[in-house]
Amino acid sequence: GESVGLHLPTLSVQEGDNSIINCAYSNSASDYFIWYKQESGKGPQFIIDIRSNMDKRQGQRVTVLLNKTVKHLSLQIAATQPGDSAVYFCAEDGGSNYKLTFGKGTLLTVNP
Amino acid sequence: DTAVSQTPKYLVTQMGNDKSIKCEQNLGHDTMYWYKQDSKKFLKIMFSYNNKELIINETVPNRFSPKSPDKAHLNLHINSLELGDSAVYFCASSPAAANYGYTFGSGTRLTVV
């Protein structure tokens, strides 16, 4: 079936660098996309979302880019900090009002 | 005040037992969910409820029975626990539809021995 996937299961960066986490999706019916951060022992935490009528959205130190042509989503984190170390998930609505389908997750490790 | 709270946080039990996990949200959201996260961190939806009504049941074995007494609560009862049920279970809620984003609880780590 259609699913959301990630290119990189792990990403290691130096503190202060910019991080880019990628996500490929295949459900063309998806209208809503969202990134979550999950720290060890905690529940996923909302970072930023974007709807299909946009191709870029910025938050505090984070930017989400959506390329509908190639069905690609990315999360950019500026000036990565040790506190950004976590597993990052992308998710899509798949055209459903009542569920989000999650990708596999990328473990981001920030080295001091 | 915790927005989405689950109890217990940890649950260790023997195969064949029956157990329940409780979830409550104080956000006034209409929709609640249960997700299962396996050892590889994959999050898979189990159920979604909107205003106490079951909307989605993602081919979950009928040993799992959710109950929503009101729209602020969604509990999960599991009968005849199996080793493969060991996972972290997350409750979540959203304002109306899922495409407004979820707020997750902190999870219940279930270990079946």
# chains A, B, ... in the order shown; residues from 1 in each chain; ligands from 1

$ interface_residues --of "chain A" --to "chain B" --cutoff "6 Å" --atoms "only C-alpha atoms" --output "number ranges by chain"
A: 32, 42-43, 97-99, 104

$ residues_around --residues "Asn17 of chain B" --least-positions-apart "3" --cutoff "7 Å" --atoms "only C-alpha atoms" --output "NGL selection string"
:B and (13-14 or 79-81)

$ atom_distance --atom1 "atom CA of Leu73 of chain A" --atom2 "atom CA of Thr10 of chain A"
16.6 Å

$ atom_distance --atom1 "atom CA of Ala86 of chain A" --atom2 "atom CA of Val60 of chain B"
28.7 Å

$ closest_residue --among "B:Glu53, B:Asp85, B:Asp70, B:Asp38" --to "Leu11 of chain B" --atoms "only C-alpha atoms"
B:Asp85
